[in-house]
>>> print(open('start-v3.txt').read())   # compact mmCIF, C-alpha atoms
# COMPACT_ATOMS: atom_id res chain seq x y z
CA MET T 1 71.41 -40.00 -72.16
CA LYS T 2 72.85 -36.76 -70.80
CA LYS T 3 69.87 -34.80 -72.14
CA ILE T 4 67.44 -37.16 -70.47
CA LEU T 5 69.22 -36.90 -67.14
CA LEU T 6 69.30 -33.11 -67.40
CA PHE T 7 65.59 -33.00 -68.15
CA GLY T 8 64.91 -35.22 -65.18
CA PHE T 9 66.99 -32.99 -62.91
CA LEU T 10 65.25 -29.84 -64.11
CA PHE T 11 61.88 -31.48 -63.66
CA PHE T 12 62.79 -32.41 -60.08
CA LEU T 13 63.77 -28.82 -59.34
CA SER T 14 60.53 -27.52 -60.81
CA VAL T 15 58.52 -29.88 -58.60
CA ILE T 16 60.34 -28.63 -55.50
CA GLY T 17 59.78 -25.03 -56.54
CA TYR T 18 56.08 -25.64 -57.13
CA SER T 19 55.66 -27.39 -53.81
CA GLN T 20 57.04 -24.35 -52.03
CA ALA T 21 55.52 -21.62 -54.23
CA PRO T 22 54.24 -18.85 -51.93
CA THR T 23 50.65 -17.58 -51.89
CA TYR T 24 49.83 -13.94 -51.13
CA ILE T 25 46.21 -13.09 -50.30
CA ASN T 26 45.47 -9.38 -50.02
CA GLY T 27 41.80 -8.82 -50.75
CA PRO T 28 38.37 -10.35 -50.25
CA THR T 29 38.46 -14.11 -50.74
CA THR T 30 36.14 -16.98 -49.88
CA ILE T 31 37.16 -20.51 -48.98
CA PHE T 32 34.32 -22.90 -49.84
CA ALA T 33 33.87 -26.36 -48.37
CA SER T 34 33.42 -27.83 -51.85
CA GLU T 35 36.70 -26.49 -53.25
CA GLY T 36 39.17 -28.58 -51.26
CA THR T 37 41.67 -25.71 -50.99
CA VAL T 38 45.29 -26.81 -50.59
CA TRP T 39 48.34 -24.57 -50.07
CA TYR T 40 51.60 -26.35 -50.91
CA GLY T 41 53.89 -23.42 -50.08
CA ASP T 42 54.04 -20.50 -47.66
CA VAL T 43 50.94 -18.33 -47.26
CA THR T 44 50.74 -14.64 -46.32
CA PHE T 45 47.49 -12.82 -45.60
CA GLY T 46 48.09 -9.15 -46.37
CA PRO T 47 46.65 -6.02 -44.72
CA ASN T 48 43.65 -5.92 -47.07
CA ALA T 49 42.77 -9.61 -46.74
CA VAL T 50 39.17 -10.33 -45.75
CA VAL T 51 38.87 -14.10 -45.65
CA TYR T 52 35.42 -15.69 -45.54
CA ILE T 53 35.47 -19.36 -44.53
CA GLU T 54 32.40 -21.50 -45.20
CA ASP T 55 31.18 -23.99 -42.62
CA GLY T 56 32.86 -27.33 -43.31
CA ALA T 57 35.74 -25.81 -45.25
CA ALA T 58 39.08 -27.35 -44.32
CA PRO T 59 41.92 -25.81 -46.35
CA ILE T 60 45.14 -27.80 -45.91
CA PHE T 61 48.43 -25.97 -45.39
CA PHE T 62 51.49 -28.00 -46.42
CA GLY T 63 53.86 -25.00 -46.46
CA LYS T 64 56.44 -23.99 -43.90
CA ASN T 65 55.37 -20.49 -42.79
CA MET T 66 51.95 -18.84 -42.50
CA VAL T 67 51.88 -15.12 -41.73
CA VAL T 68 48.82 -13.00 -40.96
CA ASP T 69 49.04 -9.22 -41.22
CA PRO T 70 47.63 -7.37 -38.16
CA ALA T 71 45.01 -5.74 -40.40
CA ALA T 72 43.72 -8.99 -41.96
CA ILE T 73 40.25 -10.27 -41.05
CA PHE T 74 38.85 -13.81 -40.90
CA ILE T 75 35.09 -14.35 -40.62
CA SER T 76 32.59 -17.13 -41.27
CA LEU T 77 30.82 -16.94 -44.61
CA PRO T 78 27.85 -14.53 -44.28
CA GLY T 79 24.33 -15.90 -44.56
CA ASN T 80 22.96 -19.45 -44.61
CA ASN T 81 23.18 -19.68 -40.80
CA GLN T 82 26.96 -20.07 -40.85
CA THR T 83 28.38 -20.94 -37.43
CA GLY T 84 32.12 -20.71 -38.07
CA THR T 85 33.14 -24.38 -38.28
CA GLY T 86 35.68 -23.91 -41.09
CA ARG T 87 39.24 -24.71 -40.07
CA ILE T 88 42.79 -24.43 -41.38
CA ILE T 89 44.74 -27.69 -41.16
CA PHE T 90 48.51 -27.55 -40.63
CA ARG T 91 49.80 -30.83 -42.06
CA ASP T 92 53.16 -32.47 -42.71
CA ASN T 93 54.27 -34.73 -45.59
CA ASN T 94 53.65 -32.47 -48.56
CA PRO T 95 52.35 -34.83 -51.30
CA ILE T 96 54.28 -32.95 -53.98
CA TYR T 97 57.51 -32.87 -51.98
CA PRO T 98 57.41 -35.76 -49.44
CA GLY T 99 58.99 -34.96 -46.10
CA TYR T 100 58.42 -31.20 -46.43
CA PRO T 101 57.99 -29.38 -44.16
CA LEU T 102 59.17 -30.47 -40.77
CA GLN T 103 57.89 -28.14 -38.04
CA GLN T 104 55.56 -25.45 -39.39
CA THR T 105 55.19 -21.86 -38.16
CA LEU T 106 52.27 -19.48 -37.64
CA ASN T 107 52.34 -15.73 -37.03
CA GLY T 108 48.76 -14.75 -36.24
CA GLY T 109 49.49 -11.01 -36.34
CA TYR T 110 47.51 -10.39 -33.15
CA SER T 111 48.10 -7.65 -30.58
CA ALA T 112 44.78 -6.51 -29.07
CA GLY T 113 41.03 -6.40 -29.69
CA VAL T 114 39.38 -9.12 -31.75
CA ASN T 115 41.22 -8.98 -35.09
CA PRO T 116 42.93 -10.71 -36.65
CA SER T 117 41.51 -13.95 -35.26
CA LEU T 118 41.57 -17.34 -36.93
CA LEU T 119 38.33 -19.30 -36.64
CA ASN T 120 39.68 -22.80 -36.05
CA ILE T 121 43.01 -24.52 -36.57
CA GLU T 122 43.99 -28.18 -36.60
CA ILE T 123 47.53 -29.38 -35.94
CA ASP T 124 48.19 -32.54 -37.95
CA ASN T 125 51.98 -32.44 -38.04
CA ALA T 126 54.12 -34.84 -36.02
CA PHE T 127 56.79 -32.13 -35.76
CA GLY T 128 54.30 -29.60 -34.44
CA LEU T 129 53.31 -26.00 -35.10
CA SER T 130 55.52 -23.19 -33.78
CA LEU T 131 54.26 -19.64 -33.15
CA THR T 132 56.30 -16.77 -34.58
CA GLY T 133 53.73 -14.12 -33.56
CA HIS T 134 50.80 -13.70 -31.17
CA THR T 135 47.72 -15.61 -32.36
CA ARG T 136 44.04 -15.42 -31.41
CA ILE T 137 41.47 -18.17 -31.98
CA THR T 138 37.67 -17.79 -31.86
CA GLY T 139 36.67 -21.44 -32.35
CA SER T 140 38.99 -24.30 -31.51
CA VAL T 141 42.52 -25.67 -31.58
CA GLN T 142 42.28 -29.31 -32.63
CA PHE T 143 45.19 -31.65 -31.87
CA THR T 144 45.40 -34.53 -34.32
CA LYS T 145 49.14 -35.05 -33.99
CA GLY T 146 52.00 -32.84 -32.84
CA HIS T 147 52.41 -30.07 -30.28
CA LEU T 148 51.73 -26.34 -30.46
CA TYR T 149 54.91 -24.51 -29.42
CA LEU T 150 54.30 -20.99 -28.09
CA ASN T 151 57.94 -19.87 -27.92
CA ASP T 152 57.83 -16.15 -26.93
CA PHE T 153 54.31 -15.53 -28.25
CA ASN T 154 50.83 -15.73 -26.75
CA LEU T 155 48.00 -17.97 -27.86
CA VAL T 156 44.70 -16.24 -27.04
CA LEU T 157 41.37 -18.08 -27.00
CA ASP T 158 38.20 -16.03 -26.88
CA ASN T 159 35.43 -16.83 -24.41
CA ASP T 160 33.91 -19.55 -26.64
CA ALA T 161 37.13 -21.10 -27.94
CA THR T 162 38.35 -24.56 -26.88
CA PHE T 163 41.26 -26.99 -27.03
CA ASN T 164 40.21 -30.38 -28.46
CA ALA T 165 41.70 -33.91 -28.50
CA PHE T 166 44.83 -33.01 -26.51
CA ASP T 167 46.73 -35.55 -24.43
CA VAL T 168 50.22 -36.27 -23.15
CA SER T 169 51.53 -36.67 -26.70
CA LYS T 170 49.95 -33.54 -28.22
CA HIS T 171 49.31 -30.30 -26.38
CA VAL T 172 50.56 -26.71 -25.85
CA VAL T 173 54.26 -26.34 -25.05
CA THR T 174 55.10 -23.11 -23.21
CA ASN T 175 58.81 -23.25 -23.98
CA GLY T 176 59.53 -19.50 -23.80
CA LEU T 177 57.85 -16.25 -22.73
CA GLY T 178 54.53 -17.02 -24.43
CA VAL T 179 51.41 -17.82 -22.40
CA ALA T 180 48.06 -19.46 -23.09
CA VAL T 181 45.22 -17.00 -22.48
CA LYS T 182 41.52 -17.76 -22.02
CA GLU T 183 39.37 -14.67 -22.41
CA GLY T 184 36.09 -13.91 -20.67
CA MET T 185 36.02 -16.60 -18.01
CA THR T 186 32.86 -15.97 -16.02
CA ASN T 187 32.35 -16.54 -12.30
CA GLY T 188 32.13 -20.30 -11.72
CA SER T 189 33.45 -21.34 -15.13
CA SER T 190 36.35 -23.79 -15.47
CA PHE T 191 38.91 -24.30 -18.19
CA LEU T 192 41.66 -26.87 -18.69
CA PHE T 193 44.93 -25.52 -20.08
CA PRO T 194 46.79 -28.49 -21.68
CA VAL T 195 50.32 -27.14 -21.15
CA SER T 196 53.87 -28.33 -20.57
CA ILE T 197 57.42 -27.06 -20.96
CA ALA T 198 58.41 -29.99 -23.16
CA GLY T 199 56.65 -32.55 -25.27
CA THR T 200 57.43 -35.41 -22.86
CA ASP T 201 56.40 -33.56 -19.68
CA TYR T 202 52.65 -32.92 -19.61
CA THR T 203 51.56 -30.61 -16.79
CA PRO T 204 47.98 -29.40 -17.38
CA ALA T 205 46.27 -26.83 -15.18
CA THR T 206 42.52 -26.52 -14.58
CA ILE T 207 41.38 -23.08 -13.48
CA THR T 208 37.96 -22.29 -12.00
CA ASN T 209 37.22 -18.59 -11.81
CA THR T 210 35.53 -17.50 -8.57
CA THR T 211 35.17 -13.79 -9.19
CA VAL T 212 34.15 -11.36 -11.94
CA THR T 213 34.57 -12.17 -15.63
CA ARG T 214 38.23 -11.90 -16.60
CA ASN T 215 41.05 -13.27 -18.73
CA ILE T 216 43.22 -16.04 -17.27
CA HIS T 217 46.84 -16.54 -18.32
CA VAL T 218 48.70 -19.84 -17.81
CA GLN T 219 52.27 -20.90 -18.45
CA VAL T 220 54.51 -23.68 -17.19
CA LYS T 221 58.20 -22.99 -16.68
CA ASN T 222 61.27 -24.84 -15.56
CA TYR T 223 61.76 -24.34 -11.83
CA SER T 224 65.31 -23.02 -12.21
CA SER T 225 64.17 -20.25 -14.58
CA SER T 226 61.10 -19.21 -12.58
CA ALA T 227 61.00 -16.16 -10.35
CA ALA T 228 61.80 -17.08 -6.74
CA ILE T 229 58.86 -16.02 -4.55
CA GLU T 230 59.16 -18.73 -1.88
CA THR T 231 60.82 -18.09 1.47
CA ILE T 232 61.02 -21.15 3.67
CA PHE T 233 60.71 -23.58 0.75
CA ALA T 234 62.79 -21.63 -1.74
CA THR T 235 64.89 -24.67 -2.66
CA LYS T 236 62.15 -27.29 -2.38
CA GLY T 237 59.31 -28.52 -4.54
CA MET T 238 58.89 -29.92 -8.03
CA ASP T 239 61.01 -29.14 -11.07
CA ARG T 240 58.09 -27.29 -12.70
CA THR T 241 56.25 -24.11 -11.76
CA TRP T 242 52.90 -22.91 -13.07
CA GLN T 243 52.51 -19.20 -13.71
CA VAL T 244 48.79 -18.38 -13.33
CA TYR T 245 47.59 -14.78 -13.38
CA SER T 246 44.77 -12.57 -14.59
CA ASN T 247 43.98 -9.10 -15.89
CA VAL T 248 41.68 -8.61 -12.85
CA ALA T 249 42.67 -9.45 -9.27
CA GLY T 250 40.61 -12.09 -7.50
CA ALA T 251 40.50 -15.64 -6.22
CA ALA T 252 40.41 -18.81 -8.33
CA ASN T 253 40.56 -22.53 -7.72
CA VAL T 254 43.58 -24.14 -9.34
CA VAL T 255 44.11 -27.86 -9.94
CA LEU T 256 47.57 -28.87 -11.17
CA GLN T 257 48.67 -32.19 -12.64
CA HIS T 258 52.15 -33.53 -13.35
CA ASN T 259 52.50 -36.35 -15.87
CA THR T 260 55.44 -37.79 -17.77
CA GLN T 261 55.49 -40.20 -20.68
>>> encode(input="start-v3.txt", output="structure tokens")
Amino acid sequence: MKKILLFGFLFFLSVIGYSQAPTYINGPTTIFASEGTVWYGDVTFGPNAVVYIEDGAAPIFFGKNMVVDPAAIFISLPGNNQTGTGRIIFRDNNPIYPGYPLQQTLNGGYSAGVNPSLLNIEIDNAFGLSLTGHTRITGSVQFTKGHLYLNDFNLVLDNDATFNAFDVSKHVVTNGLGVAVKEGMTNGSSFLFPVSIAGTDYTPATITNTTVTRNIHVQVKNYSSSAAIETIFATKGMDRTWQVYSNVAGAANVVLQHNTQ
């Protein structure tokens, strides 16, 4: 009986270890739609990673931490009229180790320019996805369940990128120094930033650019921690402040909304 119990214990440990086994990608690799790629443990894309993602590919990430080296590159699969619809899904409830992970993390390795940039991501984790590094997206951020927590890092969307399926229960939480950035907003274009400072306090901002093409930055902060720029009404107003600014000076129309669950 003791031997059987010991075997069972060792088997349980091996299952946990397998579910969290890390993956290191540091060279050319292609993710095909037909393969059904699944990562059960942490994933790191090294400095030599060139990741081609086929249209329709939807690799599922069940690990805890995903890290992208600043030199890594993600592109849609060349040829066959690829349009870049492949997406990485961040999902909870690891089927090999139920309940793992809770909140997941993503370090996109971004600082400037266009690389590294993820094509599309989907957040399908009730505990959310937390940034541990600046991240740039060229396609879309899809909210299935759970929030995207910026912490002290920026989420940058290029001129074509979008937020999809957000609402009061799933959106971008600007709970630190990080901001949501929309690149290349042309004169007359509008964009809705689905932001809040907490998951139960949804305060989206819609910005319409009325000047030259530029990048718009948006963040929501608690009133008490925001810079005091008011004079007469320094102690008045709501308990939230929106920080809206740009890399180029100029006017914009701003529509703010304050919702609570």
>>> atom_distance(input="start-v3.txt", atom1="atom CA of T:Ile197", atom2="atom CA of T:Thr241")
9.7 Å
>>> axis_aligned_box(input="start-v3.txt", around="stretch 52-63 of chain T", padding_each_side="6 Å", output="lines of an AutoDock Vina configuration file")
center_x = 42.5
center_y = -21.8
center_z = -44.5
size_x = 34.7
size_y = 24.3
size_z = 15.8
>>> residues_around(input="start-v3.txt", residues="T:Arg214", least_positions_apart="2", cutoff="9 Å", atoms="all atoms listed in the file", output="short mmCIF file (atom, residue, chain, number, x, y, z; two decimals) with C-alpha atoms, in the frame of the given file")
data_model
loop_
_atom_site.label_atom_id
_atom_site.label_comp_id
_atom_site.auth_asym_id
_atom_site.auth_seq_id
_atom_site.Cartn_x
_atom_site.Cartn_y
_atom_site.Cartn_z
CA LYS T 182 41.52 -17.76 -22.02
CA GLU T 183 39.37 -14.67 -22.41
CA GLY T 184 36.09 -13.91 -20.67
CA MET T 185 36.02 -16.60 -18.01
CA THR T 186 32.86 -15.97 -16.02
CA ASN T 187 32.35 -16.54 -12.30
CA ASN T 209 37.22 -18.59 -11.81
CA THR T 211 35.17 -13.79 -9.19
CA VAL T 212 34.15 -11.36 -11.94
CA ILE T 216 43.22 -16.04 -17.27
CA SER T 246 44.77 -12.57 -14.59
CA ASN T 247 43.98 -9.10 -15.89
CA VAL T 248 41.68 -8.61 -12.85
CA ALA T 249 42.67 -9.45 -9.27
#
>>> closest_residue(input="start-v3.txt", among="T:Thr210, T:Ile123, T:Asn115, T:Ala58", to="T:Gly250", atoms="all atoms listed in the file")
T:Thr210
>>> residues_around(input="start-v3.txt", residues="T:Gly128", least_positions_apart="5", cutoff="6 Å", atoms="only C-alpha atoms", output="VMD selection string")
chain T and resid 103 146 to 148
>>> write_last_selection(input="start-v3.txt", atoms="C-alpha atoms", output="tab-separated table (two decimals), in the coordinates of the input")
chain	number	residue	atom	x	y	z
T	103	GLN	CA	57.89	-28.14	-38.04
T	146	GLY	CA	52.00	-32.84	-32.84
T	147	HIS	CA	52.41	-30.07	-30.28
T	148	LEU	CA	51.73	-26.34	-30.46
>>> atom_distance(input="start-v3.txt", atom1="atom CA of T:Gly27", atom2="atom CA of T:Asn48")
5.0 Å
>>> residues_around(input="start-v3.txt", residues="T:Phe127", least_positions_apart="6", cutoff="12 Å", atoms="all atoms listed in the file", output="list in words")
Lys64, Phe90, Arg91, Asp92, Asn93, Gly99, Tyr100, Pro101, Leu102, Gln103, Gln104, Thr105, Thr144, Lys145, Gly146, His147, Leu148, Tyr149, Ser169, Lys170 and Gly199 of chain T
>>> write_last_selection(input="start-v3.txt", atoms="C-alpha atoms", output="PDB file, in the frame of the given file")
ATOM      1  CA  LYS T  64      56.440 -23.990 -43.900  1.00  0.00           C
ATOM      2  CA  PHE T  90      48.510 -27.550 -40.630  1.00  0.00           C
ATOM      3  CA  ARG T  91      49.800 -30.830 -42.060  1.00  0.00           C
ATOM      4  CA  ASP T  92      53.160 -32.470 -42.710  1.00  0.00           C
ATOM      5  CA  ASN T  93      54.270 -34.730 -45.590  1.00  0.00           C
ATOM      6  CA  GLY T  99      58.990 -34.960 -46.100  1.00  0.00           C
ATOM      7  CA  TYR T 100      58.420 -31.200 -46.430  1.00  0.00           C
ATOM      8  CA  PRO T 101      57.990 -29.380 -44.160  1.00  0.00           C
ATOM      9  CA  LEU T 102      59.170 -30.470 -40.770  1.00  0.00           C
ATOM     10  CA  GLN T 103      57.890 -28.140 -38.040  1.00  0.00           C
ATOM     11  CA  GLN T 104      55.560 -25.450 -39.390  1.00  0.00           C
ATOM     12  CA  THR T 105      55.190 -21.860 -38.160  1.00  0.00           C
ATOM     13  CA  THR T 144      45.400 -34.530 -34.320  1.00  0.00           C
ATOM     14  CA  LYS T 145      49.140 -35.050 -33.990  1.00  0.00           C
ATOM     15  CA  GLY T 146      52.000 -32.840 -32.840  1.00  0.00           C
ATOM     16  CA  HIS T 147      52.410 -30.070 -30.280  1.00  0.00           C
ATOM     17  CA  LEU T 148      51.730 -26.340 -30.460  1.00  0.00           C
ATOM     18  CA  TYR T 149      54.910 -24.510 -29.420  1.00  0.00           C
ATOM     19  CA  SER T 169      51.530 -36.670 -26.700  1.00  0.00           C
ATOM     20  CA  LYS T 170      49.950 -33.540 -28.220  1.00  0.00           C
ATOM     21  CA  GLY T 199      56.650 -32.550 -25.270  1.00  0.00           C
TER      22      GLY T 199
END
>>> atom_distance(input="start-v3.txt", atom1="atom CA of T:Pro47", atom2="atom CA of T:Thr83")
24.7 Å
>>> closest_residue(input="start-v3.txt", among="T:Thr203, T:Thr44, T:Ser189, T:Asn120", to="T:Asn164", atoms="all atoms listed in the file")
T:Asn120
>>> residues_around(input="start-v3.txt", residues="T:Gly36", least_positions_apart="6", cutoff="10 Å", atoms="only C-alpha atoms", output="number ranges by chain")
T: 57-60
>>> closest_residue(input="start-v3.txt", among="T:Asp152, T:Asp69, T:Asp201, T:Asp158", to="T:Gly113", atoms="all atoms listed in the file")
T:Asp158
>>> closest_residue(input="start-v3.txt", among="T:Tyr202, T:Leu256, T:Val68, T:Tyr52", to="T:Tyr24", atoms="only C-alpha atoms")
T:Val68
>>> closest_residue(input="start-v3.txt", among="T:Val141, T:Pro95, T:Phe166, T:Thr85", to="T:Tyr40", atoms="only C-alpha atoms")
T:Pro95
>>> closest_residue(input="start-v3.txt", among="T:Asn94, T:Ser34, T:Ser111, T:Asn151", to="T:Asp124", atoms="only C-alpha atoms")
T:Asn94
>>> residues_around(input="start-v3.txt", residues="T:Gly139", least_positions_apart="6", cutoff="8 Å", atoms="all atoms listed in the file", output="list in words")
Gly84, Thr85, Leu118, Leu119, Asn120, Leu157, Asp158, Asp160, Ala161 and Thr162 of chain T
